[in-house]
file start.cif (mmCIF, C-alpha atoms)
data_input
#
loop_
_atom_site.label_atom_id
_atom_site.label_comp_id
_atom_site.auth_asym_id
_atom_site.auth_seq_id
_atom_site.Cartn_x
_atom_site.Cartn_y
_atom_site.Cartn_z
CA MET A 1 13.04 16.93 -18.54
CA PRO A 2 9.92 14.89 -19.27
CA THR A 3 6.47 15.50 -17.81
CA ALA A 4 4.66 12.91 -15.71
CA LEU A 5 0.99 12.88 -14.77
CA VAL A 6 0.46 11.12 -11.44
CA THR A 7 -3.11 10.49 -10.33
CA GLY A 8 -3.74 9.97 -6.63
CA ALA A 9 -0.77 12.27 -6.04
CA ALA A 10 -1.67 13.15 -2.45
CA GLY A 11 -2.14 9.50 -1.58
CA PHE A 12 0.37 7.31 0.23
CA ILE A 13 2.04 5.75 -2.81
CA GLY A 14 1.35 8.68 -5.14
CA SER A 15 3.12 11.23 -2.98
CA PHE A 16 6.25 9.05 -2.82
CA VAL A 17 6.24 8.53 -6.60
CA CYS A 18 5.87 12.29 -7.17
CA ARG A 19 8.74 13.04 -4.79
CA ARG A 20 11.01 10.53 -6.52
CA LEU A 21 10.33 12.03 -9.96
CA LEU A 22 10.67 15.62 -8.73
CA ASP A 23 14.02 14.78 -7.13
CA GLU A 24 15.17 13.54 -10.53
CA GLY A 25 14.14 16.81 -12.17
CA TRP A 26 10.88 15.72 -13.77
CA ARG A 27 7.94 18.07 -14.14
CA VAL A 28 5.03 16.45 -12.32
CA ILE A 29 1.32 17.11 -12.67
CA GLY A 30 -0.38 15.71 -9.57
CA LEU A 31 -4.12 15.03 -9.64
CA ASP A 32 -6.01 14.21 -6.44
CA CYS A 33 -9.52 14.79 -5.12
CA LEU A 34 -8.47 14.77 -1.44
CA SER A 35 -11.39 12.49 -0.61
CA ASP A 36 -12.49 12.01 2.98
CA TYR A 37 -12.16 8.20 2.85
CA TYR A 38 -9.48 8.79 5.50
CA ASP A 39 -7.96 11.81 7.26
CA VAL A 40 -7.79 14.63 4.72
CA ALA A 41 -5.19 16.45 6.83
CA LEU A 42 -2.72 13.65 6.15
CA LYS A 43 -3.24 14.06 2.40
CA GLU A 44 -2.88 17.84 2.69
CA ARG A 45 0.43 17.43 4.54
CA ARG A 46 1.74 15.10 1.84
CA GLU A 47 0.67 17.55 -0.87
CA ALA A 48 2.20 20.52 0.97
CA GLY A 49 5.57 18.80 0.82
CA LEU A 50 5.27 18.33 -2.94
CA LEU A 51 4.27 21.96 -3.48
CA GLN A 52 7.70 23.01 -2.21
CA SER A 53 9.07 21.92 -5.61
CA GLU A 54 8.86 24.35 -8.53
CA GLY A 55 8.29 21.48 -10.93
CA TYR A 56 5.06 20.39 -9.27
CA ARG A 57 1.56 21.39 -10.41
CA SER A 58 -1.33 20.37 -8.18
CA VAL A 59 -4.78 19.75 -9.67
CA HIS A 60 -7.80 18.94 -7.50
CA GLY A 61 -10.54 16.83 -9.01
CA MET A 62 -11.91 13.32 -9.39
CA VAL A 63 -10.60 11.07 -12.14
CA GLU A 64 -14.18 10.15 -13.04
CA ASP A 65 -15.16 13.80 -13.61
CA PRO A 66 -16.15 13.92 -17.32
CA GLY A 67 -13.53 15.72 -19.40
CA LEU A 68 -11.10 16.55 -16.57
CA LEU A 69 -8.39 14.13 -17.66
CA MET A 70 -8.95 14.97 -21.32
CA ARG A 71 -8.27 18.65 -20.56
CA LEU A 72 -5.16 17.79 -18.54
CA PHE A 73 -3.78 15.60 -21.33
CA GLU A 74 -4.50 18.33 -23.88
CA GLU A 75 -2.77 21.00 -21.76
CA GLU A 76 0.23 19.01 -20.56
CA LYS A 77 0.83 16.24 -23.13
CA PRO A 78 2.39 14.00 -20.44
CA ASP A 79 5.23 11.73 -21.52
CA VAL A 80 4.43 9.22 -18.77
CA VAL A 81 1.28 8.54 -16.77
CA VAL A 82 1.29 6.78 -13.38
CA HIS A 83 -2.34 6.09 -12.50
CA LEU A 84 -2.67 5.45 -8.77
CA ALA A 85 -6.00 7.15 -8.04
CA ALA A 86 -8.62 4.64 -6.95
CA GLN A 87 -11.08 3.84 -4.25
CA ALA A 88 -9.08 1.40 -2.15
CA GLY A 89 -9.95 -1.10 0.56
CA VAL A 90 -11.46 -4.57 0.45
CA ARG A 91 -13.86 -4.11 3.37
CA TYR A 92 -15.24 -0.70 2.32
CA SER A 93 -16.15 -2.16 -1.08
CA ILE A 94 -18.79 -4.24 0.66
CA GLU A 95 -20.34 -1.15 2.24
CA ASN A 96 -20.09 1.27 -0.67
CA PRO A 97 -19.53 -0.55 -3.99
CA ARG A 98 -20.67 2.39 -6.11
CA ALA A 99 -17.59 4.40 -5.07
CA TYR A 100 -15.45 1.64 -6.61
CA LEU A 101 -17.48 1.55 -9.81
CA GLU A 102 -17.14 5.30 -10.27
CA SER A 103 -13.52 5.86 -9.25
CA ASN A 104 -11.93 2.64 -10.44
CA ILE A 105 -13.85 1.73 -13.58
CA ILE A 106 -15.27 5.04 -14.84
CA GLY A 107 -12.11 6.89 -13.76
CA THR A 108 -9.92 4.45 -15.67
CA PHE A 109 -12.18 4.81 -18.72
CA GLU A 110 -11.73 8.59 -18.63
CA LEU A 111 -7.96 8.09 -18.41
CA LEU A 112 -7.85 5.67 -21.33
CA GLU A 113 -9.93 7.96 -23.53
CA ALA A 114 -7.59 10.87 -22.78
CA ALA A 115 -4.56 8.70 -23.59
CA ARG A 116 -6.21 7.63 -26.84
CA ALA A 117 -6.48 11.28 -27.85
CA TYR A 118 -3.03 12.34 -26.59
CA PRO A 119 -0.87 9.19 -26.37
CA PRO A 120 1.91 9.16 -23.74
CA ARG A 121 4.97 7.02 -24.33
CA HIS A 122 4.08 4.80 -21.36
CA MET A 123 1.07 4.38 -19.09
CA LEU A 124 1.50 2.60 -15.76
CA LEU A 125 -1.67 1.68 -13.88
CA ALA A 126 -2.06 0.30 -10.36
CA SER A 127 -3.82 -3.01 -9.88
CA THR A 128 -3.66 -5.21 -6.80
CA SER A 129 -2.61 -8.60 -5.48
CA SER A 130 -6.29 -9.04 -4.64
CA ALA A 131 -6.81 -9.68 -8.37
CA TYR A 132 -5.44 -13.21 -7.79
CA GLY A 133 -8.56 -13.86 -5.72
CA ALA A 134 -9.20 -17.51 -4.90
CA ASN A 135 -5.90 -18.72 -6.39
CA THR A 136 -4.08 -20.91 -3.88
CA GLU A 137 -0.94 -21.81 -5.85
CA MET A 138 1.83 -19.59 -4.54
CA PRO A 139 3.87 -17.58 -5.13
CA TYR A 140 1.49 -15.73 -7.42
CA ARG A 141 2.83 -15.45 -10.98
CA GLU A 142 1.60 -12.86 -13.46
CA ASP A 143 1.08 -15.42 -16.24
CA VAL A 144 -1.44 -17.57 -14.33
CA ARG A 145 -5.19 -17.13 -14.71
CA ALA A 146 -6.88 -14.84 -12.20
CA ASP A 147 -10.61 -15.26 -12.69
CA HIS A 148 -12.14 -15.56 -9.23
CA GLN A 149 -11.89 -12.24 -7.40
CA MET A 150 -13.31 -12.34 -3.88
CA SER A 151 -14.24 -8.70 -3.31
CA PHE A 152 -15.83 -6.02 -5.46
CA TYR A 153 -12.67 -3.94 -5.01
CA ALA A 154 -10.61 -6.72 -6.58
CA ALA A 155 -13.20 -7.18 -9.33
CA THR A 156 -13.00 -3.52 -10.32
CA LYS A 157 -9.20 -3.59 -10.41
CA LYS A 158 -9.15 -6.75 -12.53
CA SER A 159 -11.66 -5.03 -14.83
CA THR A 160 -9.29 -2.11 -15.30
CA GLU A 161 -6.60 -4.55 -16.43
CA SER A 162 -8.92 -5.85 -19.15
CA MET A 163 -9.97 -2.34 -20.14
CA ALA A 164 -6.37 -1.17 -20.43
CA HIS A 165 -5.44 -4.24 -22.47
CA SER A 166 -8.14 -3.49 -25.01
CA TYR A 167 -6.91 0.10 -25.45
CA ALA A 168 -3.31 -1.10 -25.69
CA HIS A 169 -4.31 -3.52 -28.45
CA LEU A 170 -6.59 -1.15 -30.37
CA PHE A 171 -4.55 2.05 -30.14
CA ASP A 172 -1.00 0.76 -29.59
CA LEU A 173 -0.74 2.37 -26.14
CA PRO A 174 2.12 0.88 -24.08
CA VAL A 175 0.62 -0.13 -20.73
CA THR A 176 2.15 -1.71 -17.62
CA MET A 177 -0.21 -2.86 -14.87
CA PHE A 178 1.22 -3.13 -11.35
CA ARG A 179 -0.10 -5.69 -8.90
CA PHE A 180 0.85 -4.28 -5.50
CA PHE A 181 1.27 -6.45 -2.40
CA THR A 182 0.35 -4.89 0.99
CA VAL A 183 2.36 -1.68 0.85
CA TYR A 184 3.42 -0.08 4.15
CA GLY A 185 5.74 2.59 5.50
CA PRO A 186 5.85 6.20 6.78
CA TRP A 187 2.91 8.37 5.69
CA GLY A 188 0.87 5.19 5.18
CA ARG A 189 -2.91 4.89 5.09
CA PRO A 190 -4.83 4.94 8.40
CA ASP A 191 -7.12 2.13 7.19
CA MET A 192 -4.21 -0.31 6.85
CA ALA A 193 -3.26 -2.82 9.54
CA LEU A 194 0.11 -1.30 10.46
CA PHE A 195 -1.39 2.13 11.11
CA LYS A 196 -4.36 0.76 13.07
CA PHE A 197 -2.23 -1.63 15.11
CA THR A 198 0.37 1.01 15.97
CA LYS A 199 -2.28 3.53 17.01
CA ALA A 200 -4.12 1.01 19.18
CA ILE A 201 -0.97 -0.39 20.81
CA LEU A 202 0.37 3.06 21.71
CA GLU A 203 -3.04 4.07 23.10
CA GLY A 204 -3.36 0.87 25.14
CA ASP A 205 -6.31 -0.49 23.15
CA PRO A 206 -6.71 -4.08 21.91
CA ILE A 207 -6.08 -4.89 18.25
CA ASP A 208 -8.46 -6.92 16.05
CA VAL A 209 -6.56 -9.91 14.63
CA TYR A 210 -8.53 -11.62 11.87
CA ASN A 211 -8.58 -15.34 11.07
CA PHE A 212 -7.24 -15.76 14.62
CA GLY A 213 -3.83 -14.58 13.40
CA ASP A 214 -3.45 -17.32 10.79
CA MET A 215 -2.77 -14.99 7.87
CA LYS A 216 0.27 -14.23 5.74
CA ARG A 217 0.97 -11.10 3.72
CA ASP A 218 3.77 -10.15 1.34
CA PHE A 219 4.43 -6.82 3.09
CA THR A 220 6.17 -4.41 0.69
CA TYR A 221 8.02 -1.37 2.01
CA ILE A 222 7.21 1.91 0.26
CA ASP A 223 10.80 2.66 -0.83
CA ASP A 224 11.11 -0.76 -2.47
CA LEU A 225 7.78 -0.27 -4.23
CA VAL A 226 8.69 3.17 -5.57
CA GLU A 227 12.04 1.87 -6.82
CA GLY A 228 10.19 -0.80 -8.77
CA ILE A 229 7.77 1.73 -10.25
CA ARG A 230 10.56 4.09 -11.23
CA ARG A 231 12.50 1.39 -13.03
CA LEU A 232 9.42 0.09 -14.80
CA ILE A 233 8.76 3.56 -16.23
CA ASP A 234 11.80 2.94 -18.44
CA ALA A 235 10.67 -0.58 -19.39
CA ALA A 236 7.70 0.14 -21.67
CA PRO A 237 6.28 -3.06 -23.21
CA GLU A 238 6.34 -3.55 -26.97
CA ARG A 239 3.85 -5.52 -29.03
CA PRO A 240 5.56 -8.79 -30.06
CA ALA A 241 5.87 -8.77 -33.85
CA ASP A 242 5.36 -12.52 -34.16
CA GLY A 243 2.97 -12.94 -31.23
CA VAL A 244 5.49 -15.08 -29.37
CA VAL A 245 6.00 -14.31 -25.67
CA ALA A 246 8.95 -15.58 -23.63
CA GLU A 247 8.21 -18.11 -20.91
CA GLY A 248 7.43 -16.44 -17.60
CA ASP A 249 6.57 -13.10 -19.21
CA SER A 250 3.07 -11.67 -18.88
CA LEU A 251 3.45 -9.62 -22.08
CA SER A 252 0.33 -9.82 -24.24
CA PRO A 253 0.78 -11.60 -27.57
CA VAL A 254 -1.43 -8.97 -29.25
CA ALA A 255 -0.65 -5.69 -27.46
CA PRO A 256 2.11 -3.62 -25.82
CA PHE A 257 0.71 -4.62 -22.44
CA ARG A 258 2.21 -6.34 -19.41
CA VAL A 259 1.22 -7.15 -15.80
CA VAL A 260 4.01 -6.98 -13.20
CA ASN A 261 3.97 -7.93 -9.51
CA ILE A 262 5.67 -5.54 -7.11
CA GLY A 263 6.05 -7.31 -3.79
CA ASN A 264 8.65 -8.37 -1.29
CA ALA A 265 8.63 -12.06 -2.38
CA ALA A 266 8.70 -13.07 1.29
CA PRO A 267 5.32 -13.61 3.00
CA VAL A 268 5.23 -12.85 6.73
CA GLN A 269 2.90 -14.40 9.30
CA LEU A 270 0.57 -11.77 10.76
CA THR A 271 1.67 -12.69 14.29
CA ASP A 272 5.30 -11.99 13.32
CA PHE A 273 4.25 -8.64 11.85
CA ILE A 274 2.56 -7.76 15.14
CA ALA A 275 5.70 -8.85 17.00
CA ALA A 276 7.71 -6.37 14.90
CA ILE A 277 5.32 -3.58 15.94
CA GLU A 278 5.63 -4.61 19.58
CA ALA A 279 9.42 -4.52 19.30
CA ALA A 280 9.35 -1.08 17.68
CA THR A 281 6.90 0.41 20.20
CA GLY A 282 8.17 -1.42 23.28
CA VAL A 283 4.58 -2.37 24.13
CA THR A 284 2.93 -5.80 24.14
CA ALA A 285 -0.34 -5.84 22.22
CA GLU A 286 -3.61 -7.09 23.63
CA ARG A 287 -5.08 -9.26 20.86
CA ASN A 288 -8.76 -9.57 20.03
CA LEU A 289 -8.84 -12.78 17.94
CA MET A 290 -11.57 -12.76 15.29
CA PRO A 291 -12.72 -14.88 12.31
CA MET A 292 -11.80 -14.06 8.71
CA GLN A 293 -13.58 -11.05 7.21
CA ALA A 294 -15.73 -11.35 4.11
CA GLY A 295 -13.80 -10.80 0.87
CA ASP A 296 -10.40 -11.34 2.47
CA VAL A 297 -7.84 -14.04 1.64
CA PRO A 298 -5.63 -16.00 4.04
CA ALA A 299 -2.33 -15.40 2.25
CA THR A 300 -0.53 -13.45 -0.48
CA TRP A 301 2.92 -14.09 -1.90
CA ALA A 302 4.44 -12.42 -4.94
CA ASP A 303 6.70 -14.06 -7.48
CA THR A 304 8.89 -11.08 -8.43
CA ALA A 305 11.11 -12.82 -10.99
CA LEU A 306 9.59 -10.82 -13.85
CA LEU A 307 10.19 -7.50 -12.06
CA GLU A 308 13.80 -8.47 -11.44
CA ARG A 309 14.25 -9.64 -15.04
CA LEU A 310 12.85 -6.39 -16.46
CA THR A 311 14.52 -3.94 -14.08
CA GLY A 312 17.17 -5.69 -11.99
CA HIS A 313 15.28 -4.57 -8.89
CA LYS A 314 14.86 -6.81 -5.86
CA PRO A 315 13.31 -5.48 -2.62
CA THR A 316 15.73 -5.32 0.32
CA THR A 317 13.84 -3.88 3.31
CA THR A 318 13.06 -6.31 6.15
CA VAL A 319 9.75 -6.12 7.97
CA GLN A 320 11.59 -5.30 11.20
CA ASP A 321 13.33 -2.29 9.61
CA GLY A 322 10.25 -1.13 7.72
CA VAL A 323 7.96 -1.34 10.74
CA ALA A 324 10.51 0.50 12.89
CA ALA A 325 10.66 3.31 10.31
CA PHE A 326 6.87 3.61 10.33
CA VAL A 327 6.63 3.67 14.12
CA ALA A 328 9.32 6.36 14.29
CA TRP A 329 7.37 8.44 11.75
CA TYR A 330 4.09 7.86 13.60
CA ARG A 331 5.56 9.01 16.92
CA ASP A 332 6.99 12.13 15.30
CA TYR A 333 3.89 12.99 13.23
CA TYR A 334 1.44 12.58 16.13
CA GLN A 335 3.89 13.67 18.84
CA VAL A 336 3.38 10.45 20.77
#

call {"tool": "encode", "arguments": {"input": "start.cif", "output": "structure tokens"}}
result
Amino acid sequence: MPTALVTGAAGFIGSFVCRRLLDEGWRVIGLDCLSDYYDVALKERREAGLLQSEGYRSVHGMVEDPGLLMRLFEEEKPDVVVHLAAQAGVRYSIENPRAYLESNIIGTFELLEAARAYPPRHMLLASTSSAYGANTEMPYREDVRADHQMSFYAATKKSTESMAHSYAHLFDLPVTMFRFFTVYGPWGRPDMALFKFTKAILEGDPIDVYNFGDMKRDFTYIDDLVEGIRRLIDAAPERPADGVVAEGDSLSPVAPFRVVNIGNAAPVQLTDFIAAIEAATGVTAERNLMPMQAGDVPATWADTALLERLTGHKPTTTVQDGVAAFVAWYRDYYQV
């Protein structure tokens, strides 16, 4: 079976991607630095589950560490790379922008240099819906311009798209960039709204609701996201011989490079999302209504027609079912 290198393997999305590939019989090399951006114990528990598989090799280190990825590529010659390691979070990028420069931009540079030396058959790199920035025309389509990012986090992720495109063009490296839309589910990140809201509601504390609740997000359940990633692994882009790209496709006319949204294609009002948490917990939330935070956007909405055209995949999990699954996991994990 083929070998996959997954960076950010102990993270929320990374651990699910690793598990999916291991279940299919892949050999997986998982790289993670187990940073303390949030509860390290949660990352260690995710990693412990992966280590139960004989096909899993765990490597601890930071993607920006000079030479680390080059050595891994030389040793393992991965067939596929799924690059999920990054410093995440819009708000934290205001407080500590250097962490984003180092992990997101320098880390991606190290990855691209290693791939240049030891080319995989497909590289898949995580970007974000935040790359659409100030765009107001929705749903967001991959072939529209995205030039006005509103946080340094988004700016670094958009930069990695440009960096990867240049390497795809120069060295014929097939690259797919994912733009993720508000991923949630069991084992999710404690800095995300669902985790924070659930914790506060179950502990009887008020929740901070930004923009006075007038926000919409294209909440994407983790299983739907991983299904999209898995199918896209087998859909490596090819450089168009004549430079002609089909309408609605984000394929580059000069490189084997494509940007693909992975979202639920169904934006949900924040107040309805909170109502789903209340239904799952059986507790009514006390709301602390607040203005919009710097760097945030009022709405996201993914056009997923390209994902469906390339893979046949269409997300199916409702917010009610996804939130209920998270709350059940949270109660079990924390013995609430």

call {"tool": "residues_around", "arguments": {"input": "start.cif", "residues": "A:Phe197", "least_positions_apart": "6", "cutoff": "9 Å", "atoms": "only C-alpha atoms", "output": "list of chain:residue names"}}
result
A:Pro206, A:Ile207, A:Asp208, A:Ile274, A:Ile277, A:Ala285

call {"tool": "residues_around", "arguments": {"input": "start.cif", "residues": "A:Ser159", "least_positions_apart": "3", "cutoff": "10 Å", "atoms": "only C-alpha atoms", "output": "PyMOL selection string"}}
result
chain A and resi 104-105+108+127+131+153-156+162-165

call {"tool": "resolve_selection", "arguments": {"input": "start.cif", "expression": "the PyMOL selection byres ((chain A and resi 174-182) around 9)", "output": "number ranges by chain"}}
result
A: 120-131, 142, 161, 164-165, 167-169, 172-173, 183-184, 192, 217-221, 225, 229, 232-233, 235-239, 255-264, 300-302

call {"tool": "residues_near_point", "arguments": {"input": "start.cif", "point": "(-7.2, 2.4, -2.9)", "cutoff": "12 Å", "atoms": "all atoms listed in the file", "output": "PyMOL selection string"}}
result
chain A and resi 7-8+11-14+35+37-38+83-93+99-100+103-104+126-128+130+153-154+156-157+180+182-183+188-192

call {"tool": "closest_residue", "arguments": {"input": "start.cif", "among": "A:Ile201, A:Met70, A:Gly243, A:Lys314", "to": "A:Glu286", "atoms": "all atoms listed in the file"}}
result
A:Ile201

call {"tool": "resolve_selection", "arguments": {"input": "start.cif", "expression": "the PyMOL selection byres ((chain A and resi 139) around 10)", "output": "compact mmCIF listing (two decimals) with C-alpha atoms, keeping the file's coordinate frame"}}
result
# COMPACT_ATOMS: atom_id res chain seq x y z
CA ASN A 135 -5.90 -18.72 -6.39
CA THR A 136 -4.08 -20.91 -3.88
CA GLU A 137 -0.94 -21.81 -5.85
CA MET A 138 1.83 -19.59 -4.54
CA TYR A 140 1.49 -15.73 -7.42
CA ARG A 141 2.83 -15.45 -10.98
CA GLU A 142 1.60 -12.86 -13.46
CA ASP A 218 3.77 -10.15 1.34
CA ALA A 265 8.63 -12.06 -2.38
CA ALA A 266 8.70 -13.07 1.29
CA PRO A 267 5.32 -13.61 3.00
CA ALA A 299 -2.33 -15.40 2.25
CA THR A 300 -0.53 -13.45 -0.48
CA TRP A 301 2.92 -14.09 -1.90
CA ALA A 302 4.44 -12.42 -4.94
CA ASP A 303 6.70 -14.06 -7.48
CA THR A 304 8.89 -11.08 -8.43

call {"tool": "atom_distance", "arguments": {"input": "start.cif", "atom1": "atom CA of A:Asp65", "atom2": "atom CA of A:Leu34"}}
result
13.9 Å

call {"tool": "resolve_selection", "arguments": {"input": "start.cif", "expression": "the PyMOL selection byres ((chain A and resi 187) around 12)", "output": "PyMOL selection string"}}
result
chain A and resi 10-16+39+41-47+49+183-186+188-192+194-195+221-223+325-334

call {"tool": "atom_distance", "arguments": {"input": "start.cif", "atom1": "atom CA of A:Val209", "atom2": "atom CA of A:Thr271"}}
result
8.7 Å

call {"tool": "axis_aligned_box", "arguments": {"input": "start.cif", "around": "stretch 229-236 of chain A", "padding_each_side": "8 Å", "output": "JSON"}}
result
{"center_x": 10.1, "center_y": 1.8, "center_z": -16.0, "size_x": 20.8, "size_y": 20.7, "size_z": 27.4}

call {"tool": "atom_distance", "arguments": {"input": "start.cif", "atom1": "atom CA of A:Glu113", "atom2": "atom CA of A:Arg145"}}
result
27.0 Å

call {"tool": "residues_around", "arguments": {"input": "start.cif", "residues": "A:Leu21", "least_positions_apart": "6", "cutoff": "12 Å", "atoms": "only C-alpha atoms", "output": "list in words"}}
result
Met1, Pro2, Thr3, Ala4, Leu5, Val6, Ala9, Gly14, Ser15, Arg27, Val28, Ile29, Gly30, Leu50, Ser53, Gly55, Tyr56, Val80, Val81, Val82, Val226, Glu227, Ile229, Arg230, Arg231 and Ile233 of chain A

call {"tool": "decode", "arguments": {"input": "start.cif", "residues": "stretch 237-258 of chain A", "atoms": "N, CA and C atoms", "output": "PDB file, in the first residue's frame"}}
result
ATOM      1  N   PRO A 237      -4.533  17.110  -9.848  1.00  0.00           N
ATOM      2  CA  PRO A 237      -4.676  17.989 -11.024  1.00  0.00           C
ATOM      3  C   PRO A 237      -3.557  17.748 -12.036  1.00  0.00           C
ATOM      4  N   GLU A 238      -3.869  18.011 -13.281  1.00  0.00           N
ATOM      5  CA  GLU A 238      -2.891  17.907 -14.362  1.00  0.00           C
ATOM      6  C   GLU A 238      -2.781  19.251 -15.066  1.00  0.00           C
ATOM      7  N   ARG A 239      -1.565  19.605 -15.467  1.00  0.00           N
ATOM      8  CA  ARG A 239      -1.352  20.857 -16.185  1.00  0.00           C
ATOM      9  C   ARG A 239      -2.086  20.802 -17.533  1.00  0.00           C
ATOM     10  N   PRO A 240      -2.964  21.755 -17.820  1.00  0.00           N
ATOM     11  CA  PRO A 240      -3.671  21.711 -19.103  1.00  0.00           C
ATOM     12  C   PRO A 240      -2.705  21.946 -20.266  1.00  0.00           C
ATOM     13  N   ALA A 241      -2.693  21.029 -21.220  1.00  0.00           N
ATOM     14  CA  ALA A 241      -1.727  21.100 -22.321  1.00  0.00           C
ATOM     15  C   ALA A 241      -1.890  22.364 -23.152  1.00  0.00           C
ATOM     16  N   ASP A 242      -3.125  22.807 -23.321  1.00  0.00           N
ATOM     17  CA  ASP A 242      -3.382  23.978 -24.164  1.00  0.00           C
ATOM     18  C   ASP A 242      -3.666  25.241 -23.363  1.00  0.00           C
ATOM     19  N   GLY A 243      -3.565  25.143 -22.028  1.00  0.00           N
ATOM     20  CA  GLY A 243      -3.817  26.300 -21.179  1.00  0.00           C
ATOM     21  C   GLY A 243      -5.271  26.654 -21.026  1.00  0.00           C
ATOM     22  N   VAL A 244      -6.157  25.813 -21.533  1.00  0.00           N
ATOM     23  CA  VAL A 244      -7.592  26.085 -21.461  1.00  0.00           C
ATOM     24  C   VAL A 244      -8.180  25.366 -20.244  1.00  0.00           C
ATOM     25  N   VAL A 245      -8.922  26.100 -19.439  1.00  0.00           N
ATOM     26  CA  VAL A 245      -9.525  25.563 -18.221  1.00  0.00           C
ATOM     27  C   VAL A 245     -11.047  25.614 -18.357  1.00  0.00           C
ATOM     28  N   ALA A 246     -11.714  24.535 -17.981  1.00  0.00           N
ATOM     29  CA  ALA A 246     -13.174  24.470 -18.080  1.00  0.00           C
ATOM     30  C   ALA A 246     -13.819  25.509 -17.175  1.00  0.00           C
ATOM     31  N   GLU A 247     -14.961  26.002 -17.588  1.00  0.00           N
ATOM     32  CA  GLU A 247     -15.689  26.988 -16.789  1.00  0.00           C
ATOM     33  C   GLU A 247     -16.043  26.411 -15.424  1.00  0.00           C
ATOM     34  N   GLY A 248     -15.810  27.198 -14.385  1.00  0.00           N
ATOM     35  CA  GLY A 248     -16.114  26.764 -13.034  1.00  0.00           C
ATOM     36  C   GLY A 248     -15.009  25.983 -12.362  1.00  0.00           C
ATOM     37  N   ASP A 249     -13.921  25.707 -13.091  1.00  0.00           N
ATOM     38  CA  ASP A 249     -12.791  24.969 -12.521  1.00  0.00           C
ATOM     39  C   ASP A 249     -11.719  25.959 -12.088  1.00  0.00           C
ATOM     40  N   SER A 250     -11.113  25.717 -10.943  1.00  0.00           N
ATOM     41  CA  SER A 250     -10.053  26.590 -10.450  1.00  0.00           C
ATOM     42  C   SER A 250      -8.673  26.111 -10.873  1.00  0.00           C
ATOM     43  N   LEU A 251      -8.606  25.111 -11.757  1.00  0.00           N
ATOM     44  CA  LEU A 251      -7.328  24.611 -12.253  1.00  0.00           C
ATOM     45  C   LEU A 251      -6.512  25.743 -12.858  1.00  0.00           C
ATOM     46  N   SER A 252      -5.228  25.784 -12.549  1.00  0.00           N
ATOM     47  CA  SER A 252      -4.354  26.804 -13.118  1.00  0.00           C
ATOM     48  C   SER A 252      -4.129  26.526 -14.601  1.00  0.00           C
ATOM     49  N   PRO A 253      -4.076  27.563 -15.426  1.00  0.00           N
ATOM     50  CA  PRO A 253      -3.776  27.345 -16.839  1.00  0.00           C
ATOM     51  C   PRO A 253      -2.305  27.025 -17.092  1.00  0.00           C
ATOM     52  N   VAL A 254      -1.449  27.201 -16.058  1.00  0.00           N
ATOM     53  CA  VAL A 254      -0.011  27.020 -16.275  1.00  0.00           C
ATOM     54  C   VAL A 254       0.633  26.040 -15.290  1.00  0.00           C
ATOM     55  N   ALA A 255      -0.184  25.298 -14.526  1.00  0.00           N
ATOM     56  CA  ALA A 255       0.387  24.408 -13.517  1.00  0.00           C
ATOM     57  C   ALA A 255      -0.612  23.317 -13.133  1.00  0.00           C
ATOM     58  N   PRO A 256      -0.116  22.177 -12.640  1.00  0.00           N
ATOM     59  CA  PRO A 256      -1.021  21.155 -12.085  1.00  0.00           C
ATOM     60  C   PRO A 256      -1.444  21.554 -10.673  1.00  0.00           C
ATOM     61  N   PHE A 257      -2.305  22.540 -10.588  1.00  0.00           N
ATOM     62  CA  PHE A 257      -2.638  23.195  -9.323  1.00  0.00           C
ATOM     63  C   PHE A 257      -4.115  23.555  -9.332  1.00  0.00           C
ATOM     64  N   ARG A 258      -4.780  23.262  -8.212  1.00  0.00           N
ATOM     65  CA  ARG A 258      -6.212  23.565  -8.117  1.00  0.00           C
ATOM     66  C   ARG A 258      -6.567  23.927  -6.677  1.00  0.00           C
TER      67      ARG A 258
END
